[in-house]
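J.: Questions regarding the structure given below will be posed in turn.
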Amino acid sequence: MDAAGSERAALLGISEGAAMCALFAVTYPQRTRALITISGFARRSWAPDYPWGASDEERRSFLEQIERGWGGPVALGRRAPSLATDERFRQWWATFLWLSASPHRPRSMVGCGLPWRDEVRVEGEQRMVHVEESVSIDRPIEEVFTYLTDIGRQPEWVSIMQESVKTSNGPTGMGTTYRQVVKFLGRRIETNNEVTSYDPPNVYEFRTTSGPTRGQMRFTLTAEGQGTKILQSIDGETAGLFKLADPIVARTMKKQFAADLETLKTMLESGVAENSAG
């Protein structure tokens, strides 16, 4: 919109696009003139607070129908039951599907949520986001741990972080508290955090005590010869606006983790982190 010089826009979201347009409208109300949704839904998959969603078994069955019958009138009974026996319309629908995409493409689009069940899972009445990424760094584990746990310097390698300030006295360790400001999915978010596990040079873990995502972030470091392997993981509960977009949150986090760990690797291996400290 900025590139096009558009200050406000009317949003039209169809199917999966409805949730994205709703998310944009709530995040940027001053940029939204109107919101129109067609055949929208909050999520595809079943959850305790969303019984209208399809189970994994139902979705897999639908994917099998796509694989077996693409090029024919697939799912016409669901889309237009009153026309399901109209031969002329059946032929039109089959041609429309065939010309729109190959059989692989719709399967990958419709089934994209299934692999993410490991990253957005249900525990009791809550939906939990789980994301993890890893990287190998050609630097000693002690050096990596020291830089990684320097709270004030985390904005140097965490792309979304704007501020990171300790709110407790003394060196970093169990019980250390700090405040951070990040920009995530277009929103400025302030969080308060507490270190819950600190075992140099192997484990650094903290929990978020305030903000739209509550959970535990853990860094596990393992020596690999003269280098270090880092496993970063988070288990969190989304709330408010972000609860609507669990899969989006998970995917965005995963991409962010991968990019940030690569930045961390580059800074340590190139000596930039050490030089900037001096």
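How things are named: the first chain in the structure tokens is A, the next is B, and so on; residues count from 1 in each chain; ligands count from 1 in the order shown.
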From a backbone DSSP assignment, name each residue in region 31-270 of chain A labelled helix (DSSP H, G or I), as a ChimeraX atom specification.
T.: /A:31,56-69,76-79,81-83,87-100,104-113,115-118,141-148,151-156,241-244,246-270
J.: Pick out the residues sitting within 12 Å of Val74 (chain A), and hand them over as a PyMOL selection string; count only C-alpha atoms, and ignore anything fewer than 4 positions along from it in its own chain.
T.: chain A and resi 62-70+78-81+84+90-98+103+106
J.: From a DSSP pass on the backbone, collect the residues of region 18-158 of chain A flagged as strand (DSSP E or B) and hand them back as a list in words.
T.: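 Restricting region 18-158 of chain A to strand (DSSP E or B) produces Thr32, Arg33, Ala34, Leu35, Ile36, Thr37, Ile38, Ser45, Ala47, Tyr50, Ala54, Trp70, Gly72, Val120, Arg121, Val122, Glu123, Gln126, Arg127, Met128, Val129, His130, Val131, Glu132, Glu133, Ser134, Val135, Ser136 and Ile137 of chain A.
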J.: If we count only C-alpha atoms and set the cut-off at 10 Å, which residues sit around region 34-39 of chain A, ignoring sequence neighbours fewer than 3 positions away in its own chain? Please answer as a PyMOL selection string.
T.: chain A and resi 8-19+21-22+24-25+29+31
J.: Please, could you write that set of residues out with C-alpha atoms as a PDB file, in the first residue's frame?
T.:
```
ATOM      1  CA  ARG A   8      -6.636   3.295   3.101  1.00  0.00           C
ATOM      2  CA  ALA A   9      -8.036   0.277   1.301  1.00  0.00           C
ATOM      3  CA  ALA A  10     -11.169  -1.820   1.115  1.00  0.00           C
ATOM      4  CA  LEU A  11     -10.166  -5.412   1.842  1.00  0.00           C
ATOM      5  CA  LEU A  12     -11.781  -8.423   0.172  1.00  0.00           C
ATOM      6  CA  GLY A  13     -10.878 -11.799   1.655  1.00  0.00           C
ATOM      7  CA  ILE A  14     -12.055 -15.098   0.198  1.00  0.00           C
ATOM      8  CA  SER A  15     -11.657 -18.426   2.014  1.00  0.00           C
ATOM      9  CA  GLU A  16      -8.216 -18.432   3.704  1.00  0.00           C
ATOM     10  CA  GLY A  17      -7.805 -14.790   2.744  1.00  0.00           C
ATOM     11  CA  ALA A  18     -10.678 -13.755   5.019  1.00  0.00           C
ATOM     12  CA  ALA A  19      -8.674 -14.360   8.200  1.00  0.00           C
ATOM     13  CA  CYS A  21      -7.807  -9.514   5.871  1.00  0.00           C
ATOM     14  CA  ALA A  22      -9.417  -9.542   9.321  1.00  0.00           C
ATOM     15  CA  PHE A  24      -4.851  -6.684   8.807  1.00  0.00           C
ATOM     16  CA  ALA A  25      -8.007  -4.721   9.628  1.00  0.00           C
ATOM     17  CA  PRO A  29      -7.645   0.014  11.457  1.00  0.00           C
ATOM     18  CA  ARG A  31      -5.465   1.896   6.936  1.00  0.00           C
TER      19      ARG A  31
END
```
J.: Could you tell me how far CA of Tyr28 (chain A) lies from CA of Gly186 (chain A), in Å and to one decimal?
T.: 8.6 Å
J.: With distances taken over only C-alpha atoms, which residue among A:Thr172, A:Ser136, A:Gln162, A:Thr32 lies nearest Thr196 (chain A)?
T.: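 Under the stated criterion, the closest residue is A:Thr172.
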J.: Pick from A:Glu274, A:Asp199, A:Glu163, A:Asp2: nearest to Val181 (chain A), with only C-alpha atoms counted?
T.: A:Glu163
